[in-house]
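> Sharing protein.txt (compact mmCIF, C-alpha atoms) below.
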# COMPACT_ATOMS: atom_id res chain seq x y z
CA MET A 1 32.98 6.83 -12.11
CA LYS A 2 32.08 10.36 -13.29
CA PRO A 3 31.15 12.77 -10.48
CA ASP A 4 27.43 12.83 -11.34
CA GLU A 5 27.11 9.20 -12.40
CA LEU A 6 25.09 7.10 -9.97
CA PRO A 7 27.22 4.80 -7.76
CA PRO A 8 26.85 0.99 -7.84
CA ALA A 9 24.18 0.59 -5.14
CA LEU A 10 21.91 3.25 -6.62
CA ARG A 11 22.41 1.65 -10.07
CA GLU A 12 21.55 -1.76 -8.68
CA LEU A 13 18.43 -0.31 -7.07
CA GLN A 14 17.47 1.12 -10.46
CA ASP A 15 17.76 -2.33 -12.08
CA LYS A 16 15.66 -3.92 -9.36
CA LEU A 17 12.96 -1.26 -9.60
CA HIS A 18 12.93 -1.67 -13.37
CA GLN A 19 12.43 -5.44 -12.97
CA ALA A 20 9.67 -4.84 -10.42
CA ALA A 21 7.97 -2.45 -12.88
CA GLN A 22 8.17 -5.11 -15.61
CA ARG A 23 6.61 -7.69 -13.28
CA ASP A 24 3.86 -5.28 -12.29
CA ILE A 25 3.01 -4.42 -15.90
CA GLU A 26 2.93 -8.09 -16.85
CA ILE A 27 0.61 -8.91 -13.93
CA GLU A 28 -1.63 -5.98 -14.90
CA ARG A 29 -1.83 -7.30 -18.47
CA ARG A 30 -2.75 -10.82 -17.31
CA VAL A 31 -5.34 -9.55 -14.88
CA THR A 32 -6.98 -7.40 -17.52
CA GLN A 33 -7.28 -10.46 -19.75
CA ARG A 34 -8.58 -12.52 -16.86
CA VAL A 35 -11.17 -9.91 -15.94
CA ARG A 36 -12.41 -9.80 -19.54
CA ARG A 37 -12.72 -13.59 -19.55
CA GLY A 38 -14.24 -13.41 -16.07
CA ARG A 39 -17.05 -11.13 -17.25
CA TRP A 40 -18.17 -13.78 -19.72
CA ARG A 41 -17.86 -16.50 -17.09
CA ARG A 42 -19.85 -14.43 -14.62
CA TRP A 43 -22.72 -13.98 -17.06
CA LEU A 44 -22.53 -17.68 -17.86
CA LEU A 45 -22.80 -18.48 -14.15
CA VAL A 46 -25.76 -16.16 -13.80
CA ALA A 47 -27.46 -17.84 -16.75
CA LEU A 48 -26.76 -21.28 -15.29
CA ALA A 49 -28.08 -20.19 -11.93
CA ALA A 50 -31.24 -18.96 -13.56
CA ILE A 51 -31.68 -22.34 -15.26
CA VAL A 52 -31.28 -24.20 -11.98
CA SER A 53 -34.71 -25.39 -10.93
CA ALA A 54 -36.92 -24.15 -8.14
CA GLY A 55 -35.66 -27.14 -6.13
CA GLY A 56 -32.30 -25.45 -5.90
CA VAL A 57 -33.96 -22.30 -4.66
CA ALA A 58 -35.80 -24.28 -1.99
CA VAL A 59 -32.54 -25.84 -0.76
CA ALA A 60 -30.91 -22.42 -0.65
CA GLN A 61 -33.87 -20.99 1.21
CA ARG A 62 -33.43 -23.63 3.91
CA VAL A 63 -29.71 -22.89 4.16
CA PHE A 64 -30.21 -19.14 4.28
CA ASP A 65 -33.57 -18.96 6.05
CA ARG A 66 -33.60 -15.63 7.87
CA LYS A 67 -35.22 -17.16 10.90
CA GLY A 68 -33.05 -20.26 10.87
CA ALA A 69 -29.85 -21.02 12.68
CA ASP A 70 -26.52 -19.63 11.61
CA ALA A 71 -25.18 -21.66 8.67
CA PRO A 72 -21.58 -22.85 9.10
CA ARG A 73 -19.21 -20.90 6.91
CA ASP A 74 -17.91 -23.91 4.98
CA GLN A 75 -21.43 -24.97 4.19
CA VAL A 76 -22.28 -21.52 2.93
CA GLN A 77 -19.16 -21.37 0.81
CA GLN A 78 -19.65 -24.76 -0.81
CA LYS A 79 -23.33 -24.53 -1.65
CA VAL A 80 -23.77 -22.19 -4.55
CA ALA A 81 -26.83 -20.14 -3.76
CA PRO A 82 -28.66 -19.34 -6.97
CA ALA A 83 -27.98 -15.70 -7.68
CA ALA A 84 -30.32 -14.46 -10.34
CA ASP A 85 -29.12 -10.95 -9.55
CA PRO A 86 -26.56 -9.90 -12.22
CA GLY A 87 -23.00 -9.85 -11.00
CA VAL A 88 -23.75 -11.35 -7.60
CA ILE A 89 -21.16 -13.91 -6.58
CA ALA A 90 -23.05 -16.48 -4.57
CA THR A 91 -19.85 -18.27 -3.53
CA SER A 92 -18.76 -15.15 -1.66
CA ALA A 93 -21.63 -15.67 0.80
CA ALA A 94 -20.70 -15.47 4.47
CA PRO A 95 -23.08 -16.05 7.38
CA ASP A 96 -24.34 -13.28 9.60
CA PRO A 97 -23.20 -13.72 13.23
CA THR A 98 -26.80 -14.13 14.42
CA GLY A 99 -28.26 -15.93 11.42
CA GLY A 100 -30.58 -14.89 8.64
CA PRO A 101 -29.64 -14.36 5.00
CA PRO A 102 -25.91 -14.49 4.38
CA TRP A 103 -23.87 -11.52 3.24
CA ALA A 104 -22.57 -11.63 -0.33
CA MET A 105 -20.94 -9.47 -2.94
CA ARG A 106 -21.74 -8.09 -6.32
CA VAL A 107 -18.97 -7.24 -8.78
CA PHE A 108 -19.54 -4.77 -11.57
CA THR A 109 -17.68 -2.33 -13.77
CA ASN A 110 -18.56 1.33 -13.50
CA ALA A 111 -18.80 3.86 -16.34
CA ARG A 112 -15.09 4.68 -15.99
CA GLY A 113 -14.15 1.03 -16.44
CA LEU A 114 -13.10 0.54 -12.83
CA GLY A 115 -13.82 -2.73 -11.04
CA CYS A 116 -16.36 -2.20 -8.25
CA VAL A 117 -17.59 -4.30 -5.35
CA ALA A 118 -20.82 -3.93 -3.38
CA VAL A 119 -22.03 -5.92 -0.40
CA GLY A 120 -25.48 -6.82 0.89
CA ARG A 121 -27.71 -9.65 2.16
CA LEU A 122 -28.45 -12.48 -0.27
CA LEU A 123 -32.12 -13.41 -0.13
CA ASP A 124 -33.69 -15.66 -2.75
CA GLY A 125 -30.83 -14.98 -5.12
CA THR A 126 -31.22 -11.21 -4.77
CA LEU A 127 -28.71 -8.87 -3.16
CA GLY A 128 -30.29 -6.27 -0.91
CA THR A 129 -30.36 -4.51 2.42
CA TYR A 130 -32.74 -4.35 5.36
CA GLU A 131 -34.28 -0.96 5.82
CA ALA A 132 -35.49 -0.06 9.30
CA GLY A 133 -34.36 -3.54 10.28
CA ARG A 134 -37.32 -5.20 8.59
CA THR A 135 -37.94 -4.41 4.94
CA PHE A 136 -35.67 -6.14 2.47
CA ARG A 137 -34.91 -3.86 -0.44
CA LYS A 138 -33.01 -4.90 -3.55
CA LEU A 139 -29.64 -3.20 -4.02
CA PRO A 140 -29.73 -1.43 -7.42
CA VAL A 141 -27.19 -2.74 -9.93
CA GLY A 142 -24.21 -0.52 -10.64
CA VAL A 143 -24.44 1.80 -7.64
CA SER A 144 -23.09 1.95 -4.09
CA GLY A 145 -19.84 0.18 -4.84
CA ALA A 146 -16.25 0.66 -3.82
CA CYS A 147 -14.32 1.08 -7.08
CA GLU A 148 -10.66 1.03 -8.06
CA PRO A 149 -8.47 -0.49 -10.77
CA LEU A 150 -8.97 -4.20 -10.20
CA SER A 151 -5.31 -5.00 -10.50
CA ARG A 152 -3.92 -2.42 -8.06
CA GLY A 153 -1.73 -4.47 -5.81
CA GLY A 154 -3.90 -7.49 -6.52
CA LEU A 155 -6.28 -6.74 -3.67
CA ILE A 156 -9.43 -4.64 -3.46
CA VAL A 157 -10.76 -4.15 0.05
CA ALA A 158 -13.73 -2.19 1.31
CA VAL A 159 -15.21 -1.75 4.77
CA GLN A 160 -18.80 -1.06 5.71
CA ARG A 161 -20.57 -0.49 8.98
CA ARG A 162 -24.25 -1.34 8.79
CA PRO A 163 -26.55 -0.37 11.65
CA GLN A 164 -29.55 -2.45 10.49
CA PRO A 165 -30.93 -4.82 11.58
CA GLU A 166 -28.07 -5.03 14.09
CA PRO A 167 -24.67 -3.26 14.04
CA ARG A 168 -22.22 -5.04 11.78
CA THR A 169 -18.68 -4.43 10.57
CA ILE A 170 -18.16 -5.95 7.12
CA VAL A 171 -14.85 -6.30 5.33
CA TYR A 172 -15.12 -7.48 1.75
CA GLY A 173 -13.29 -7.39 -1.54
CA LEU A 174 -11.41 -9.29 -4.19
CA ALA A 175 -8.06 -11.04 -3.88
CA ARG A 176 -6.83 -11.23 -7.45
CA GLU A 177 -5.32 -14.70 -7.28
CA GLY A 178 -7.93 -16.19 -4.98
CA ARG A 179 -5.38 -17.17 -2.36
CA THR A 180 -6.23 -17.37 1.33
CA VAL A 181 -7.16 -13.99 2.81
CA ARG A 182 -6.46 -13.05 6.43
CA VAL A 183 -8.62 -10.37 8.01
CA THR A 184 -7.48 -8.93 11.33
CA ILE A 185 -9.77 -6.63 13.31
CA ALA A 186 -9.25 -5.62 16.93
CA GLY A 187 -6.62 -8.34 17.37
CA GLU A 188 -8.76 -11.17 16.03
CA THR A 189 -7.62 -12.78 12.78
CA ARG A 190 -9.87 -14.81 10.51
CA THR A 191 -8.60 -16.84 7.58
CA LEU A 192 -10.96 -16.88 4.60
CA GLN A 193 -10.95 -19.03 1.49
CA PRO A 194 -12.19 -16.71 -1.28
CA GLY A 195 -15.06 -17.66 -3.56
CA ALA A 196 -15.30 -17.12 -7.32
CA PHE A 197 -13.07 -14.36 -8.72
CA GLY A 198 -11.25 -14.16 -5.38
CA SER A 199 -14.29 -12.66 -3.65
CA PHE A 200 -14.40 -12.63 0.14
CA VAL A 201 -16.72 -11.27 2.82
CA ASP A 202 -16.06 -11.16 6.56
CA VAL A 203 -18.94 -10.12 8.82
CA ARG A 204 -18.54 -9.34 12.51
CA ALA A 205 -20.99 -8.24 15.14
CA GLY A 206 -20.82 -4.63 16.37
CA PHE A 207 -18.98 -1.52 15.20
CA LEU A 208 -15.39 -2.58 15.72
CA ASP A 209 -12.30 -0.43 16.17
CA MET A 210 -10.51 -0.46 12.81
CA ALA A 211 -7.39 1.40 13.97
CA GLU A 212 -5.13 -1.65 13.68
CA ALA A 213 -7.27 -3.60 11.20
CA SER A 214 -5.68 -5.13 8.11
CA VAL A 215 -6.25 -7.56 5.26
CA SER A 216 -3.48 -9.65 3.75
CA THR A 217 -3.08 -12.22 1.01
CA THR A 218 -0.50 -13.42 -1.50
CA VAL A 219 -0.22 -12.09 -5.05
CA GLY A 220 2.44 -13.31 -7.46
CA GLY A 221 4.11 -15.17 -4.59
CA ARG A 222 4.49 -11.92 -2.63
CA PRO A 223 2.63 -10.96 0.52
CA VAL A 224 0.20 -8.10 -0.07
CA SER A 225 -1.36 -6.25 2.82
CA ARG A 226 -3.81 -3.38 3.26
CA ARG A 227 -4.34 -1.40 6.42
CA LEU A 228 -7.94 -0.54 7.04
CA GLY A 229 -7.52 1.91 9.91
CA MET B 1 27.03 21.04 -6.50
CA ALA B 2 25.71 20.09 -9.91
CA GLU B 3 22.82 22.14 -11.29
CA PRO B 4 19.61 20.24 -11.98
CA THR B 5 19.05 19.46 -15.62
CA SER B 6 16.16 21.00 -17.49
CA ALA B 7 14.38 17.68 -17.14
CA GLU B 8 14.92 17.78 -13.37
CA ARG B 9 13.55 21.30 -13.24
CA GLY B 10 10.55 19.85 -14.96
CA THR B 11 9.98 22.42 -17.62
CA THR B 12 10.43 20.69 -20.93
CA ARG B 13 9.08 17.19 -20.92
CA ALA B 14 5.92 15.27 -20.18
CA SER B 15 5.68 13.04 -17.14
CA LEU B 16 7.79 9.89 -17.19
CA LEU B 17 5.80 8.65 -14.24
CA ALA B 18 2.55 8.81 -16.20
CA ARG B 19 4.22 6.89 -19.03
CA SER B 20 5.60 4.29 -16.65
CA VAL B 21 2.13 2.86 -15.98
CA ASP B 22 2.62 0.58 -18.97
CA ASP B 23 6.27 1.21 -19.81
CA ALA B 24 8.85 -0.21 -17.39
CA ALA B 25 11.72 1.56 -19.15
CA ALA B 26 10.02 4.91 -18.44
CA PHE B 27 10.13 4.13 -14.73
CA GLY B 28 13.87 3.39 -15.07
CA THR B 29 14.36 6.79 -16.70
CA PHE B 30 12.16 8.44 -14.05
CA TYR B 31 14.44 6.95 -11.38
CA GLU B 32 17.53 8.14 -13.22
CA HIS B 33 16.18 11.69 -13.27
CA TYR B 34 15.44 11.87 -9.57
CA ALA B 35 17.64 9.31 -7.74
CA ARG B 36 20.42 11.81 -7.06
CA ARG B 37 18.09 14.56 -5.85
CA VAL B 38 16.07 12.26 -3.62
CA SER B 39 19.13 10.64 -2.06
CA VAL B 40 20.73 14.05 -1.48
CA TYR B 41 17.48 15.34 0.02
CA PHE B 42 17.56 12.52 2.56
CA MET B 43 21.31 12.62 3.13
CA ARG B 44 21.17 16.31 4.06
CA ARG B 45 18.49 15.62 6.61
CA VAL B 46 19.59 12.36 8.22
CA PHE B 47 23.38 12.63 7.65
CA ASP B 48 23.63 8.86 7.41
CA PRO B 49 24.24 7.11 4.05
CA GLU B 50 22.57 3.85 5.09
CA ILE B 51 19.40 5.57 6.29
CA ALA B 52 19.37 7.96 3.32
CA PHE B 53 19.67 4.99 0.95
CA ASP B 54 16.87 3.04 2.67
CA LEU B 55 14.58 6.06 2.54
CA THR B 56 15.44 6.60 -1.13
CA ALA B 57 14.65 2.97 -1.96
CA GLU B 58 11.32 3.13 -0.12
CA THR B 59 10.40 6.41 -1.83
CA PHE B 60 10.86 4.93 -5.31
CA ALA B 61 9.21 1.65 -4.35
CA LEU B 62 6.14 3.58 -3.16
CA ALA B 63 6.21 5.70 -6.32
CA LEU B 64 6.23 2.51 -8.39
CA GLU B 65 3.36 0.99 -6.42
CA ARG B 66 1.25 4.15 -6.48
CA ARG B 67 2.06 5.45 -9.97
CA ARG B 68 -1.45 4.65 -11.21
CA GLN B 69 -2.78 7.14 -8.69
CA PHE B 70 -0.67 9.97 -10.16
CA ARG B 71 -3.01 12.33 -11.99
CA GLY B 72 -0.51 14.84 -13.37
CA ASP B 73 1.00 14.99 -16.81
CA SER B 74 4.07 17.20 -16.42
CA ALA B 75 7.55 16.67 -15.02
CA GLN B 76 6.88 19.41 -12.46
CA GLU B 77 3.84 17.59 -11.11
CA GLU B 78 5.62 14.26 -10.91
CA GLN B 79 8.48 15.89 -9.05
CA GLY B 80 6.09 17.41 -6.51
CA TRP B 81 4.34 14.08 -6.14
CA LEU B 82 7.61 12.19 -5.62
CA PHE B 83 8.93 14.64 -3.03
CA ALA B 84 5.62 14.51 -1.17
CA ILE B 85 6.29 10.79 -0.68
CA ALA B 86 9.88 11.53 0.35
CA ARG B 87 8.80 14.16 2.90
CA SER B 88 6.20 11.85 4.35
CA LEU B 89 8.75 9.06 4.82
CA LEU B 90 11.26 11.46 6.36
CA HIS B 91 8.72 12.74 8.90
CA ALA B 92 7.69 9.17 9.72
CA TYR B 93 11.36 8.35 10.32
CA TRP B 94 11.83 11.36 12.58
CA ARG B 95 8.66 10.56 14.46
CA LYS B 96 9.17 6.82 14.93
CA GLY B 97 12.94 6.53 14.82
CA ARG B 98 12.75 3.67 12.36
CA ILE B 99 12.57 3.38 8.59
CA GLU B 100 9.53 2.13 6.75
CA ARG B 101 10.57 -0.62 4.31
CA ALA B 102 7.17 -2.12 3.54
CA ALA B 103 6.97 -1.17 -0.15
CA VAL B 104 10.48 -2.47 -0.88
CA ALA B 105 9.49 -5.76 0.79
CA ARG B 106 6.17 -5.96 -1.07
CA LEU B 107 7.96 -5.54 -4.40
CA GLY B 108 10.42 -8.29 -3.47
CA ILE B 109 13.41 -5.97 -3.86
CA GLU B 110 16.54 -7.13 -2.12
CA ARG B 111 18.35 -4.14 -0.69
CA PRO B 112 21.74 -3.55 -2.35
CA SER B 113 24.67 -3.12 0.05
CA LEU B 114 26.46 0.21 0.16
CA GLY B 115 30.15 0.23 -0.68
CA THR B 116 32.79 2.90 -0.20
CA GLU B 117 31.99 4.36 -3.61
CA ASP B 118 28.31 4.77 -2.68
CA ILE B 119 29.05 6.36 0.67
CA GLU B 120 31.58 8.76 -0.83
CA TYR B 121 29.07 9.68 -3.54
CA LEU B 122 26.35 10.50 -1.02
CA HIS B 123 28.74 12.53 1.16
CA ARG B 124 30.08 14.42 -1.86
CA GLN B 125 26.72 15.14 -3.47
CA ALA B 126 25.19 16.29 -0.21
CA GLY B 127 28.19 18.43 0.75
CA ILE B 128 28.33 16.72 4.11
CA GLU B 129 31.77 18.06 5.01
CA THR B 130 30.38 21.60 5.05
CA LEU B 131 27.31 20.52 6.93
CA ARG B 132 29.34 18.71 9.57
CA GLU B 133 30.64 22.00 11.01
CA ARG B 134 27.13 23.48 11.12
CA LEU B 135 25.86 20.31 12.66
CA ALA B 136 28.47 20.44 15.42
CA GLU B 137 27.39 24.01 16.26
CA ALA B 138 23.73 23.11 16.26
CA LEU B 139 24.22 20.17 18.61
CA ASP B 140 24.15 22.52 21.61
CA ALA B 141 20.49 23.15 20.87
CA VAL B 142 19.27 19.60 21.49
CA ARG B 143 18.92 17.46 24.62
CA PRO B 144 22.26 16.08 25.88
CA GLU B 145 21.44 12.40 25.34
CA GLN B 146 20.27 13.14 21.77
CA ALA B 147 23.35 15.28 21.09
CA ALA B 148 25.60 12.48 22.34
CA ALA B 149 23.85 9.95 20.11
CA ILE B 150 24.07 12.24 17.06
CA ARG B 151 27.72 13.02 17.76
CA ALA B 152 28.58 9.32 17.97
CA ARG B 153 26.53 8.28 14.96
CA VAL B 154 26.91 11.19 12.54
CA LEU B 155 30.18 12.86 13.42
CA GLU B 156 32.12 9.80 14.56
CA GLU B 157 30.25 7.41 12.17
CA ARG B 158 30.03 4.62 14.75
CA GLY B 159 27.52 1.76 14.48
CA TYR B 160 24.24 1.78 16.44
CA ALA B 161 25.08 -1.44 18.29
CA GLU B 162 28.44 -0.08 19.42
CA ILE B 163 26.92 3.22 20.59
CA ALA B 164 24.13 1.38 22.37
CA ALA B 165 26.68 -0.74 24.25
CA ASP B 166 28.49 2.41 25.40
CA PHE B 167 25.26 3.99 26.62
CA LYS B 168 24.02 0.70 28.13
CA THR B 169 20.82 0.76 26.10
CA THR B 170 19.42 -0.76 22.89
CA PRO B 171 20.20 0.21 19.28
CA ASP B 172 16.51 1.15 18.82
CA VAL B 173 16.76 3.73 21.58
CA ILE B 174 19.86 5.21 19.97
CA ARG B 175 18.11 5.33 16.58
CA ALA B 176 15.19 7.17 18.15
CA ARG B 177 17.52 9.66 19.88
CA VAL B 178 19.36 10.35 16.62
CA SER B 179 16.22 10.80 14.52
CA ARG B 180 14.43 12.98 17.09
CA GLY B 181 17.56 15.03 17.73
CA LEU B 182 17.96 15.72 14.03
CA ARG B 183 14.33 16.74 13.77
CA THR B 184 14.72 19.10 16.72
CA MET B 185 17.82 20.65 15.19
CA GLN B 186 16.05 21.31 11.93
CA ALA B 187 13.02 22.74 13.71
CA LEU B 188 15.14 24.98 15.97
CA LEU B 189 17.41 26.33 13.29
CA GLY B 190 14.69 26.64 10.65
CA ASN B 191 15.74 28.78 7.71
CA GLN B 192 19.35 28.86 8.75
CA VAL B 193 19.61 25.11 8.23
CA GLU B 194 17.25 25.12 5.29
CA ASP B 195 19.64 27.48 3.47
CA VAL B 196 22.41 24.98 3.85
CA LEU B 197 20.17 22.00 3.28
CA ALA B 198 18.46 23.42 0.21
CA ASP B 199 17.87 20.91 -2.54
CA ALA B 200 20.64 20.31 -5.03
Translate this file's structure into C-alpha cells.


Amino acid sequence: MKPDELPPALRELQDKLHQAAQRDIEIERRVTQRVRRGRWRRWLLVALAAIVSAGGVAVAQRVFDRKGADAPRDQVQQKVAPAADPGVIATSAAPDPTGGPPWAMRVFTNARGLGCVAVGRLLDGTLGTYEAGRTFRKLPVGVSGACEPLSRGGLIVAVQRRPQPEPRTIVYGLAREGRTVRVTIAGETRTLQPGAFGSFVDVRAGFLDMAEASVSTTVGGRPVSRRLG
Amino acid sequence: MAEPTSAERGTTRASLLARSVDDAAAFGTFYEHYARRVSVYFMRRVFDPEIAFDLTAETFALALERRRQFRGDSAQEEQGWLFAIARSLLHAYWRKGRIERAAVARLGIERPSLGTEDIEYLHRQAGIETLRERLAEALDAVRPEQAAAIRARVLEERGYAEIAADFKTTPDVIRARVSRGLRTMQALLGNQVEDVLADA
C-alpha cells in the first residue's frame, strides 16, 4: 500500500457509501415517476369524488357531523369522504379527539416544484380551519404548506399546534411507501396505516411536549425515523 | 504529513457533492478527496482508531443523506459543509461519551472491521507518535479518574471492557471519562494543542 493510499477499511467504506448513493438515486428516480403518475391519479380521484352523488355527501356528513360523536379511526380511514377540494386526500382523514369534522391533508406542488402538505378540518369535502373557534373558513389552495423534496428520506413530516376551537397537536405528512407509521409523542406511540399516497394525520388533544417526539416508518426495507423535538 | 491536493484545498474544481445528487460515482470521488482529512481530523482529537473510524463513517453517511440540502457550488463550500458535520459529531461524542451511528444504520451500511493496516495508517497520517508525548504532558491538567481512563485507553491501548473491570465500573462510564477528559484537555491547552492538531 502506498503511504497516501486509503487502507482496506476506508476503501470498503467508500464502496458501501457508493452503493448507498446508487440506491438513493434509484429510489429518487422511482419516486419522481410515482409522484408524476400520482398527480394524474389524484386529479382522477377528485373528478370521481365530484361525480359521486349527493347521497355520498349525506353519508359523509353523518360520519363527520361536527356535533356528532367521535368517529372510530378505522371507519374514518375506510370511508372515502368526498373531497371536492383539489389535492385533498380524503383517506388521510383522522378524527378529532372530541368529535366534529375530521382532520385531513392536502398535497400540492409549490412554484419551486417541491412537494407540500397542508392540514385542516374536512367539512363537506372542503379543507378549512375554524376561526375564533366557530367560523369555518376554507384553506386556500397552494398556501400554508410544509414543503420539501418529496423523496428526501422517504418521509415528510410536519407538526402544527392549533389553538382553535380547542388546543391540538397535529403530526402529519407522507410516508413514501405507505408503510405503517409510528408516531411517538410524550411517551405515547400510535401506529397509523397511511391513506392514499402514504398520507397520515395524527391528532392529539392539548399542546404536547415534543422534546422526545418522533415519527418512524420503513422505506426500501430500511427503518426511517424523524425527530420532531 | 502529505500536503492537501489542489482539489482538497478547494480552489480549482466545482463541487463533487452538488454533482453527487444524481451521480453516485461523484459521491465516491467526493469521499476519496476527503476521507483521509476527515479521519485524521478525528484521529487527532480522539486518539482512538476505532472511534475515529466510526465518526468518519457517520460523517460521510450524513453527508450522503443530506447532500440535497447543500446549497454551495464550489469545493471550498463543500469542504466547509462536510467539516461542519464532522465538528458537530465530535462535539456530540465529547458531550455524550458515545458515538452517533444513526445515519450509517439508516443507510444499511455494515461497518467494516479495522485491521492492522488501517490502524497503522490512521496513526501514521495523524502523527500520533508525536502527539502521544504531548498528550502525556497534558494529562496532568484533567481530573484524575479521567486521566487514568485516557492513559489506559489511549496510551496503553487497552479495551474499554478490560479498563472497566480494573476500575470496577462499566465500559460506558470509561468511554464518558475518556471523551470528557479529551475535551477538557483540548479546551485547557487551546492553541497549543491546536497547533499540533492542525488539519493535515

> I'd like to know which of B:Tyr41, B:Phe167, B:Trp94, B:Phe53 is closest to chain A, using only C-alpha atoms.

B:Phe53

> May I ask for the distance between atom CA of A:Gly187 and atom CA of A:Ala93, given in Å to one decimal place?

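Atom-to-atom, atom CA of A:Gly187 and atom CA of A:Ala93 are spaced 23.5 Å apart.
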
> Kindly assemble as JSON lines a list of the chain B residues that lie within 6 Å of chain A, each paired with its nearest atom pair and their distance in Å to one decimal, using all atoms listed in the file, sorted first by chain and then by ascending residue number.


{"residue": "B:Asp22", "atom": "CA", "partner": "A:Ile25", "partner_atom": "CA", "distance": 5.9}
{"residue": "B:Ala24", "atom": "CA", "partner": "A:Ala21", "partner_atom": "CA", "distance": 5.1}
{"residue": "B:Gly28", "atom": "CA", "partner": "A:His18", "partner_atom": "CA", "distance": 5.4}
{"residue": "B:Pro112", "atom": "CA", "partner": "A:Ala9", "partner_atom": "CA", "distance": 5.6}
{"residue": "B:Leu114", "atom": "CA", "partner": "A:Ala9", "partner_atom": "CA", "distance": 5.8}
{"residue": "B:Asp118", "atom": "CA", "partner": "A:Pro7", "partner_atom": "CA", "distance": 5.2}

> Give the answer as one residue: which of B:Ala152, B:Ala86, B:Leu107, B:Val178 has the shortest atom-to-atom distance to B:Ala61, using all atoms listed in the file?

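Of B:Ala152, B:Ala86, B:Leu107, B:Val178, the one nearest B:Ala61 is B:Leu107, counting all atoms listed in the file.
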
> Could you list, as a list of chain:residue names, every residue within 6 Å of A:Ile89, counting only C-alpha atoms and ignoring same-chain residues fewer than 3 positions away?

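Skipping anything fewer than 3 positions along the chain leaves A:Ser92, A:Met105, A:Arg106.
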
> Write out as a PyMOL selection string the residues lying within 9 Å of A:Ile185, counting all atoms listed in the file and excluding same-chain residues fewer than 3 positions away.

chain A and resi 188-190+208-215+228

> As an exercise, work out the distance from atom CA of A:Ile170 to atom CA of A:Thr91 in Å and give it to one decimal place.

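Interatomic distance, atom CA of A:Ile170 to atom CA of A:Thr91: 16.4 Å.
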
> Got a sec: who's within 6 Å of stretch 174-176 of chain A, counting all atoms listed in the file, leaving out chain neighbours fewer than 2 positions off, as a VMD selection string?

chain A and resid 154 to 156 178 198 to 199

> To one decimal place, how far is atom CA of B:Phe30 from atom CA of B:Ala103 in Å?

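Distance between the two atoms: 17.7 Å.
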
> Around (-26.7, -0.7, 10.5), as given in the file, which residues come within 12 Å? Count all atoms listed in the file and list them as an mmCIF file with C-alpha atoms, keeping the file's coordinate frame.


data_model
loop_
_atom_site.group_PDB
_atom_site.id
_atom_site.type_symbol
_atom_site.label_atom_id
_atom_site.label_comp_id
_atom_site.auth_asym_id
_atom_site.auth_seq_id
_atom_site.Cartn_x
_atom_site.Cartn_y
_atom_site.Cartn_z
ATOM 1 C CA GLY A 120 -25.480 -6.820 0.890
ATOM 2 C CA THR A 129 -30.360 -4.510 2.420
ATOM 3 C CA TYR A 130 -32.740 -4.350 5.360
ATOM 4 C CA GLU A 131 -34.280 -0.960 5.820
ATOM 5 C CA ALA A 132 -35.490 -0.060 9.300
ATOM 6 C CA GLY A 133 -34.360 -3.540 10.280
ATOM 7 C CA ARG A 134 -37.320 -5.200 8.590
ATOM 8 C CA GLN A 160 -18.800 -1.060 5.710
ATOM 9 C CA ARG A 161 -20.570 -0.490 8.980
ATOM 10 C CA ARG A 162 -24.250 -1.340 8.790
ATOM 11 C CA PRO A 163 -26.550 -0.370 11.650
ATOM 12 C CA GLN A 164 -29.550 -2.450 10.490
ATOM 13 C CA PRO A 165 -30.930 -4.820 11.580
ATOM 14 C CA GLU A 166 -28.070 -5.030 14.090
ATOM 15 C CA PRO A 167 -24.670 -3.260 14.040
ATOM 16 C CA ARG A 168 -22.220 -5.040 11.780
ATOM 17 C CA THR A 169 -18.680 -4.430 10.570
ATOM 18 C CA ILE A 170 -18.160 -5.950 7.120
ATOM 19 C CA ALA A 205 -20.990 -8.240 15.140
ATOM 20 C CA GLY A 206 -20.820 -4.630 16.370
ATOM 21 C CA PHE A 207 -18.980 -1.520 15.200
#

> Taking 6 positions as the minimum chain separation for residues in the same chain, which residues sit within 9 Å of B:Phe47 when counting all atoms listed in the file? Answer as a ChimeraX atom specification.

/B:123,126,128,131-132,154-155,182
